[in-house]
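Visitor: One structure follows; several queries about it will come next.
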Amino acid sequence: MNTAATAHDMAAIVLRRTTELARIAAPTGAEQHRAERVRCWWAADGWSPSTDAVGNVWAQVTGGHGPGLLVCAHLDTVFGADVAHEVRAASGRLWGPSVGDDSLGVAALSAAASVVRHGRGTGPFWIVATVGEEGMGNLTGIRHAIATATNPLSAVIAVEGNYLGRIVTTGVGSVRLRVRYRGRGGHAWELADAPSAVHAIARAASIIAGLTVPGARCSVNVGVIGDAPPGLSVEVEDLGRRPAGSISVSSPMVRAAIAALGNSGIAAQISAASTDANAAYEAGISGLAVGVTTGAGEHTPAEWIETAPVATGLTVLAETIELVREGRE
C-alpha cells in the first residue's frame, strides 16, 4: 500500500477538520459538542462510531481475536468557553487555542485508520477520541476505555498533534491536592497576635518551592501541606493522581515508531510527557505517544502548528500503527 500518497491526499481534510474542531470550546468535562462533531465525521467516513458512558467516541477499524490496539487522541482542552476560539492560517501555520493540543490529533485518527484499514494484524484495532485528559480530568476517558475494551489490549498509542519526531516513552505522573487554611480572622492591628491563614500559606509555599527529590527529575509547587499552626485548621482534598510509568526504548513498539520516523527521514527524539499513554502504564499495557506535525505554544491562545508536515505525520502515524499491529519493526 502506498501510504505516503494516501496520507498526502488526506492531509487537507485533516487540516480542515482541525480548524473546525479547534473552533468548538471543549474544556475538560464539557467535551460533548466536539464529541458529537467527531461522531458525525466518523459516520461519514464509513465507520460505525459509538459514544460510551463517560463521553469517549469509539470506532472499531478492524475486528479480530486476541489482544487489540487502541489509538487515541483527547477531545478536551485547557481553555474555557469564555476564551475566543479563533483559528487563523498564516505563513504555513495554523494559529489558535488547541490546534495542536489536541485538535489535530483527533482530526488525524480517522485518516490514519483509513490508511491502515486493510493492514495486517490479528487483533482488533480501535480509534478513540477521549475525554478528561487535561488537568482535573485525571485521564477519565482513557482509563474507562482501557477498562471497558471488549478485548484485552496489547498496546495504546496516544496521538498528540504537535509531537512529530518525538516518541514519548515515559509518562510524567502528578499528584494534585487542594489545601484550605482556615482561621478565625480579625483585625490586622487589634488582633495582630491571631494566627493568619494567609501567612501560613505563604510560609508553606516557600518551603514547598525549595523541595527537591534526590536522584529524580521532578517539579514541585504548592500542593503538599503539613500540620496547621495553633489556631488554624487545614483541609487537604485529593484532586487526582496521574500515574507515571515508562516503556523500554528497546521494546518492539518503540522500535516500530523509530522505524516509521526513519522511513520518512525523521530522527526520533525519545522524550517524557504526560499523555493518555500514562493510563496504559498504570494498566500494565505497552504505550507511547507520537505526533502529526510540529508546533509550539501549547496551553496558550497563541498555540500554532506547521501545516506542511501533516502529510508526512499521517504517513508516520499509519506506518507506526501497521508495524505495531504486525508485531515487527
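Every chain in the C-alpha cells has a letter given in the order shown (A, B, ...), and although residue numbers restart at 1 in each chain, ligands are simply numbered from 1 in the order shown.
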Identify, with DSSP run on backbone atoms, the residues in stretch 186-304 of chain A assigned to helix (DSSP H, G or I), and express the list as number ranges by chain.
Guide: A: 197-209, 252-263, 277-282
Visitor: Store the residues of this selection in a file with C-alpha atoms, as an mmCIF file, in the first residue's frame.
Guide:
```
data_model
loop_
_atom_site.group_PDB
_atom_site.id
_atom_site.type_symbol
_atom_site.label_atom_id
_atom_site.label_comp_id
_atom_site.auth_asym_id
_atom_site.auth_seq_id
_atom_site.Cartn_x
_atom_site.Cartn_y
_atom_site.Cartn_z
ATOM 1 C CA ALA A 197 -4.115 31.761 57.326
ATOM 2 C CA VAL A 198 -2.553 33.867 54.570
ATOM 3 C CA HIS A 199 0.806 33.984 56.331
ATOM 4 C CA ALA A 200 0.694 30.242 56.987
ATOM 5 C CA ILE A 201 0.029 29.532 53.325
ATOM 6 C CA ALA A 202 2.865 31.817 52.287
ATOM 7 C CA ARG A 203 5.285 30.018 54.607
ATOM 8 C CA ALA A 204 4.144 26.650 53.277
ATOM 9 C CA ALA A 205 4.561 27.808 49.692
ATOM 10 C CA SER A 206 8.093 28.962 50.363
ATOM 11 C CA ILE A 207 9.040 25.623 51.928
ATOM 12 C CA ILE A 208 7.495 23.602 49.113
ATOM 13 C CA ALA A 209 9.190 25.676 46.421
ATOM 14 C CA PRO A 252 9.287 -3.681 19.738
ATOM 15 C CA MET A 253 6.670 -0.943 19.981
ATOM 16 C CA VAL A 254 9.240 1.835 20.351
ATOM 17 C CA ARG A 255 11.443 0.329 17.642
ATOM 18 C CA ALA A 256 8.394 0.340 15.353
ATOM 19 C CA ALA A 257 7.846 4.068 15.971
ATOM 20 C CA ILE A 258 11.535 4.805 15.405
ATOM 21 C CA ALA A 259 11.473 2.835 12.140
ATOM 22 C CA ALA A 260 8.367 4.653 10.905
ATOM 23 C CA LEU A 261 10.004 8.021 11.536
ATOM 24 C CA GLY A 262 13.208 6.869 9.899
ATOM 25 C CA ASN A 263 11.338 5.797 6.773
ATOM 26 C CA ALA A 277 -0.423 6.763 27.414
ATOM 27 C CA ASN A 278 0.114 7.192 31.176
ATOM 28 C CA ALA A 279 -3.023 5.150 31.754
ATOM 29 C CA ALA A 280 -1.578 2.285 29.727
ATOM 30 C CA TYR A 281 1.385 2.028 32.092
ATOM 31 C CA GLU A 282 -0.980 2.002 35.048
#
```
Visitor: Need the shell around stretch 244-247 of chain A: protein/DNA/RNA residues with any atom at most 6 Å away, counting only C-alpha atoms. Skip same-chain ones fewer than 2 positions apart. Format as a VMD selection string?
Guide: chain A and resid 169 to 173 278 281
Visitor: Quick one: residues within 9 Å of A:Trp126, only C-alpha atoms, excluding same-chain residues fewer than 4 positions away - as a PyMOL selection string?
Guide: chain A and resi 58-63+68-72+113
Visitor: Of the residues A:Arg39, A:His33, A:Arg23, A:Arg17, which is the one nearest to A:Ala129, using only C-alpha atoms?
Guide: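 Comparing A:Arg39, A:His33, A:Arg23, A:Arg17 against A:Ala129, the winner is A:Arg39.
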Visitor: Considering only C-alpha atoms, state which residue in the set A:Ala108, A:Val234, A:Val168, A:Val316 is at the smallest distance from A:Ser271.
Guide: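 Checking each candidate against A:Ser271, we get A:Val168 as the closest.
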Visitor: Here is a test: counting only C-alpha atoms, which residue of A:Ser250, A:Thr293, A:Ser50, A:Asn138 is nearest to A:Asp102?
Guide: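 Distance minimum relative to A:Asp102 lands on A:Thr293.
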Visitor: Between A:Leu191, A:Ile167, A:Val236, A:Ala268, which has the minimum distance to A:Gly287 (counting only C-alpha atoms)?
Guide: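 Among A:Leu191, A:Ile167, A:Val236, A:Ala268, it is A:Ile167 that comes nearest to A:Gly287.
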Visitor: Give the strand (DSSP E or B) residues of stretch 5-151 of chain A, as DSSP finds them on the backbone, and put them as an MDAnalysis selection string.
Guide: chainID A and resid 27 50:51 57:62 68:74 77 88:90 93:95 125:130
Visitor: Keeping only N, CA and C atoms, write the selected residues as a PDB file, in the first residue's frame.
Guide:
```
ATOM      1  N   PRO A  27     -13.715  22.603  27.228  1.00  0.00           N
ATOM      2  CA  PRO A  27     -12.993  22.465  28.496  1.00  0.00           C
ATOM      3  C   PRO A  27     -13.250  21.101  29.106  1.00  0.00           C
ATOM      4  N   SER A  50     -19.550   5.008  18.141  1.00  0.00           N
ATOM      5  CA  SER A  50     -20.425   4.958  19.309  1.00  0.00           C
ATOM      6  C   SER A  50     -19.830   5.827  20.397  1.00  0.00           C
ATOM      7  N   THR A  51     -20.660   6.228  21.328  1.00  0.00           N
ATOM      8  CA  THR A  51     -20.222   7.033  22.463  1.00  0.00           C
ATOM      9  C   THR A  51     -20.434   6.225  23.732  1.00  0.00           C
ATOM     10  N   VAL A  57     -15.641   8.805  22.181  1.00  0.00           N
ATOM     11  CA  VAL A  57     -16.174   8.366  20.893  1.00  0.00           C
ATOM     12  C   VAL A  57     -15.277   7.251  20.362  1.00  0.00           C
ATOM     13  N   TRP A  58     -15.889   6.124  20.029  1.00  0.00           N
ATOM     14  CA  TRP A  58     -15.176   4.926  19.575  1.00  0.00           C
ATOM     15  C   TRP A  58     -15.508   4.617  18.126  1.00  0.00           C
ATOM     16  N   ALA A  59     -14.543   4.047  17.415  1.00  0.00           N
ATOM     17  CA  ALA A  59     -14.806   3.403  16.136  1.00  0.00           C
ATOM     18  C   ALA A  59     -13.894   2.194  16.032  1.00  0.00           C
ATOM     19  N   GLN A  60     -14.463   1.054  15.703  1.00  0.00           N
ATOM     20  CA  GLN A  60     -13.656  -0.144  15.508  1.00  0.00           C
ATOM     21  C   GLN A  60     -13.262  -0.212  14.038  1.00  0.00           C
ATOM     22  N   VAL A  61     -11.968  -0.205  13.815  1.00  0.00           N
ATOM     23  CA  VAL A  61     -11.436  -0.189  12.457  1.00  0.00           C
ATOM     24  C   VAL A  61     -11.373  -1.602  11.885  1.00  0.00           C
ATOM     25  N   THR A  62     -10.866  -2.523  12.675  1.00  0.00           N
ATOM     26  CA  THR A  62     -10.809  -3.927  12.275  1.00  0.00           C
ATOM     27  C   THR A  62     -11.235  -4.792  13.449  1.00  0.00           C
ATOM     28  N   GLY A  68      -5.930  -6.333  21.409  1.00  0.00           N
ATOM     29  CA  GLY A  68      -6.152  -5.289  20.417  1.00  0.00           C
ATOM     30  C   GLY A  68      -5.268  -4.079  20.623  1.00  0.00           C
ATOM     31  N   LEU A  69      -5.324  -3.182  19.651  1.00  0.00           N
ATOM     32  CA  LEU A  69      -4.585  -1.924  19.679  1.00  0.00           C
ATOM     33  C   LEU A  69      -5.587  -0.782  19.769  1.00  0.00           C
ATOM     34  N   LEU A  70      -5.340   0.159  20.689  1.00  0.00           N
ATOM     35  CA  LEU A  70      -6.178   1.337  20.842  1.00  0.00           C
ATOM     36  C   LEU A  70      -5.334   2.565  20.508  1.00  0.00           C
ATOM     37  N   VAL A  71      -5.797   3.344  19.543  1.00  0.00           N
ATOM     38  CA  VAL A  71      -5.117   4.587  19.149  1.00  0.00           C
ATOM     39  C   VAL A  71      -6.055   5.734  19.507  1.00  0.00           C
ATOM     40  N   CYS A  72      -5.574   6.671  20.298  1.00  0.00           N
ATOM     41  CA  CYS A  72      -6.460   7.685  20.859  1.00  0.00           C
ATOM     42  C   CYS A  72      -5.871   9.085  20.762  1.00  0.00           C
ATOM     43  N   ALA A  73      -6.756  10.061  20.867  1.00  0.00           N
ATOM     44  CA  ALA A  73      -6.384  11.466  21.000  1.00  0.00           C
ATOM     45  C   ALA A  73      -7.481  12.126  21.829  1.00  0.00           C
ATOM     46  N   HIS A  74      -7.123  13.170  22.553  1.00  0.00           N
ATOM     47  CA  HIS A  74      -8.096  13.708  23.518  1.00  0.00           C
ATOM     48  C   HIS A  74      -8.865  14.911  22.997  1.00  0.00           C
ATOM     49  N   THR A  77      -9.686  20.442  26.239  1.00  0.00           N
ATOM     50  CA  THR A  77      -8.649  21.475  26.203  1.00  0.00           C
ATOM     51  C   THR A  77      -8.558  22.151  27.562  1.00  0.00           C
ATOM     52  N   ARG A  88      -6.659  30.932  12.736  1.00  0.00           N
ATOM     53  CA  ARG A  88      -6.268  31.626  11.517  1.00  0.00           C
ATOM     54  C   ARG A  88      -5.082  30.911  10.883  1.00  0.00           C
ATOM     55  N   ALA A  89      -5.012  31.021   9.574  1.00  0.00           N
ATOM     56  CA  ALA A  89      -3.919  30.434   8.817  1.00  0.00           C
ATOM     57  C   ALA A  89      -3.022  31.551   8.292  1.00  0.00           C
ATOM     58  N   ALA A  90      -1.720  31.390   8.507  1.00  0.00           N
ATOM     59  CA  ALA A  90      -0.769  32.398   8.030  1.00  0.00           C
ATOM     60  C   ALA A  90       0.622  31.800   7.987  1.00  0.00           C
ATOM     61  N   ARG A  93       1.197  28.135   8.752  1.00  0.00           N
ATOM     62  CA  ARG A  93       0.844  27.690  10.094  1.00  0.00           C
ATOM     63  C   ARG A  93      -0.647  27.893  10.347  1.00  0.00           C
ATOM     64  N   LEU A  94      -1.158  27.093  11.273  1.00  0.00           N
ATOM     65  CA  LEU A  94      -2.466  27.352  11.862  1.00  0.00           C
ATOM     66  C   LEU A  94      -2.243  27.856  13.269  1.00  0.00           C
ATOM     67  N   TRP A  95      -2.935  28.926  13.627  1.00  0.00           N
ATOM     68  CA  TRP A  95      -2.814  29.524  14.950  1.00  0.00           C
ATOM     69  C   TRP A  95      -4.157  29.461  15.657  1.00  0.00           C
ATOM     70  N   PHE A 125      -8.604  -3.344  16.259  1.00  0.00           N
ATOM     71  CA  PHE A 125      -7.943  -2.037  16.248  1.00  0.00           C
ATOM     72  C   PHE A 125      -9.036  -0.986  16.352  1.00  0.00           C
ATOM     73  N   TRP A 126      -8.936  -0.142  17.373  1.00  0.00           N
ATOM     74  CA  TRP A 126      -9.913   0.930  17.597  1.00  0.00           C
ATOM     75  C   TRP A 126      -9.247   2.297  17.510  1.00  0.00           C
ATOM     76  N   ILE A 127     -10.023   3.286  17.084  1.00  0.00           N
ATOM     77  CA  ILE A 127      -9.661   4.685  17.304  1.00  0.00           C
ATOM     78  C   ILE A 127     -10.645   5.233  18.324  1.00  0.00           C
ATOM     79  N   VAL A 128     -10.137   6.058  19.234  1.00  0.00           N
ATOM     80  CA  VAL A 128     -10.972   6.581  20.316  1.00  0.00           C
ATOM     81  C   VAL A 128     -10.623   8.044  20.562  1.00  0.00           C
ATOM     82  N   ALA A 129     -11.625   8.901  20.528  1.00  0.00           N
ATOM     83  CA  ALA A 129     -11.472  10.299  20.937  1.00  0.00           C
ATOM     84  C   ALA A 129     -11.869  10.369  22.404  1.00  0.00           C
ATOM     85  N   THR A 130     -10.909  10.661  23.260  1.00  0.00           N
ATOM     86  CA  THR A 130     -11.130  10.538  24.694  1.00  0.00           C
ATOM     87  C   THR A 130     -11.486  11.864  25.358  1.00  0.00           C
TER      88      THR A 130
END
```
Visitor: Looking at only C-alpha atoms, which of A:Val99, A:Ala188, A:Ala26, A:Leu21 is the one that sits closest to A:Ala296?
Guide: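 Nearest to A:Ala296: A:Val99.
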Visitor: Which one of A:Met136, A:Ala155, A:Ala318, A:Met10 sits closest to A:Thr28 if you count only C-alpha atoms?
Guide: A:Met136
Visitor: What's around A:Ile321 at 8 Å? Count only C-alpha atoms, leave out sequence neighbours fewer than 4 positions away in its own chain, and write the answer as a list in words.
Guide: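 The contact residues come out as Val116, Leu317 and Arg325 of chain A.
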Visitor: With C-alpha atoms kept, could you save the residues just selected as a PDB file, in the first residue's frame?
Guide:
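Result file is again05.pdb:
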```
ATOM      1  CA  VAL A 116      -4.125   1.086   7.659  1.00  0.00           C
ATOM      2  CA  LEU A 317       1.431   7.502  12.269  1.00  0.00           C
ATOM      3  CA  ARG A 325      -0.124  -4.431  14.658  1.00  0.00           C
TER       4      ARG A 325
END
```
Visitor: For a test of reading the model, state the distance in Å between atom CA of A:Gly313 and atom CA of A:Ser274, rounded to one decimal.
Guide: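 Between these atoms lies a distance of 20.4 Å.
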Visitor: With only C-alpha atoms as the counted atoms, please give the residues lying no more than 10 Å from A:Ala53, apart from itself and same-chain residues fewer than 3 positions off, as a PDB file with all heavy atoms, in the first residue's frame.
Guide:
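Result file is result.pdb:
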```pdb
ATOM      1  N   ASN A  56     -16.445   9.207  25.663  1.00  0.00           N
ATOM      2  CA  ASN A  56     -15.491   8.869  24.608  1.00  0.00           C
ATOM      3  C   ASN A  56     -16.232   8.487  23.333  1.00  0.00           C
ATOM      4  O   ASN A  56     -17.290   7.869  23.389  1.00  0.00           O
ATOM      5  CB  ASN A  56     -14.627   7.659  25.001  1.00  0.00           C
ATOM      6  CG  ASN A  56     -13.745   7.908  26.194  1.00  0.00           C
ATOM      7  OD1 ASN A  56     -13.219   8.991  26.382  1.00  0.00           O
ATOM      8  ND2 ASN A  56     -13.566   6.875  27.019  1.00  0.00           N
ATOM      9  N   VAL A  57     -15.641   8.805  22.181  1.00  0.00           N
ATOM     10  CA  VAL A  57     -16.174   8.366  20.893  1.00  0.00           C
ATOM     11  C   VAL A  57     -15.277   7.251  20.362  1.00  0.00           C
ATOM     12  O   VAL A  57     -14.060   7.415  20.265  1.00  0.00           O
ATOM     13  CB  VAL A  57     -16.229   9.514  19.877  1.00  0.00           C
ATOM     14  CG1 VAL A  57     -16.871   9.043  18.562  1.00  0.00           C
ATOM     15  CG2 VAL A  57     -17.014  10.695  20.438  1.00  0.00           C
ATOM     16  N   GLY A 141     -11.221   9.481  30.507  1.00  0.00           N
ATOM     17  CA  GLY A 141     -11.637   8.819  29.284  1.00  0.00           C
ATOM     18  C   GLY A 141     -10.808   7.603  28.938  1.00  0.00           C
ATOM     19  O   GLY A 141     -11.344   6.520  28.672  1.00  0.00           O
ATOM     20  N   HIS A 144     -11.260   4.700  31.342  1.00  0.00           N
ATOM     21  CA  HIS A 144     -12.505   3.981  31.088  1.00  0.00           C
ATOM     22  C   HIS A 144     -12.377   3.130  29.828  1.00  0.00           C
ATOM     23  O   HIS A 144     -12.868   1.985  29.789  1.00  0.00           O
ATOM     24  CB  HIS A 144     -13.655   4.973  30.938  1.00  0.00           C
ATOM     25  CG  HIS A 144     -14.988   4.340  30.728  1.00  0.00           C
ATOM     26  ND1 HIS A 144     -15.737   3.802  31.757  1.00  0.00           N
ATOM     27  CD2 HIS A 144     -15.719   4.142  29.586  1.00  0.00           C
ATOM     28  CE1 HIS A 144     -16.866   3.311  31.272  1.00  0.00           C
ATOM     29  NE2 HIS A 144     -16.873   3.494  29.955  1.00  0.00           N
ATOM     30  N   ALA A 145     -11.739   3.667  28.803  1.00  0.00           N
ATOM     31  CA  ALA A 145     -11.585   2.922  27.555  1.00  0.00           C
ATOM     32  C   ALA A 145     -10.785   1.641  27.763  1.00  0.00           C
ATOM     33  O   ALA A 145     -11.153   0.573  27.261  1.00  0.00           O
ATOM     34  CB  ALA A 145     -10.911   3.801  26.499  1.00  0.00           C
TER      35      ALA A 145
END
```
Visitor: Which value, in Å to one decimal, gives the distance between atom CA of A:Ser233 and atom CA of A:Arg180?
Guide: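 Atom CA of A:Ser233 sits 8.1 Å away from atom CA of A:Arg180.
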Visitor: Excluding A:Ser103 and any residue of its chain fewer than 4 positions from it, enumerate the residues within 8 Å of it, using only C-alpha atoms, and give them as a list in words.
Guide: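 Contacts, with the query itself left out: Thr18, Thr19, Leu21, Ala22, His74, Leu75, Ser98, Val99, Ala107 and Gly161 of chain A.
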Visitor: Calculate how many Å separate atom CA of A:Val115 from atom CA of A:Gly46, rounding to one decimal.
Guide: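 Atom CA of A:Gly46 lies at a distance of 13.2 Å from atom CA of A:Val115.
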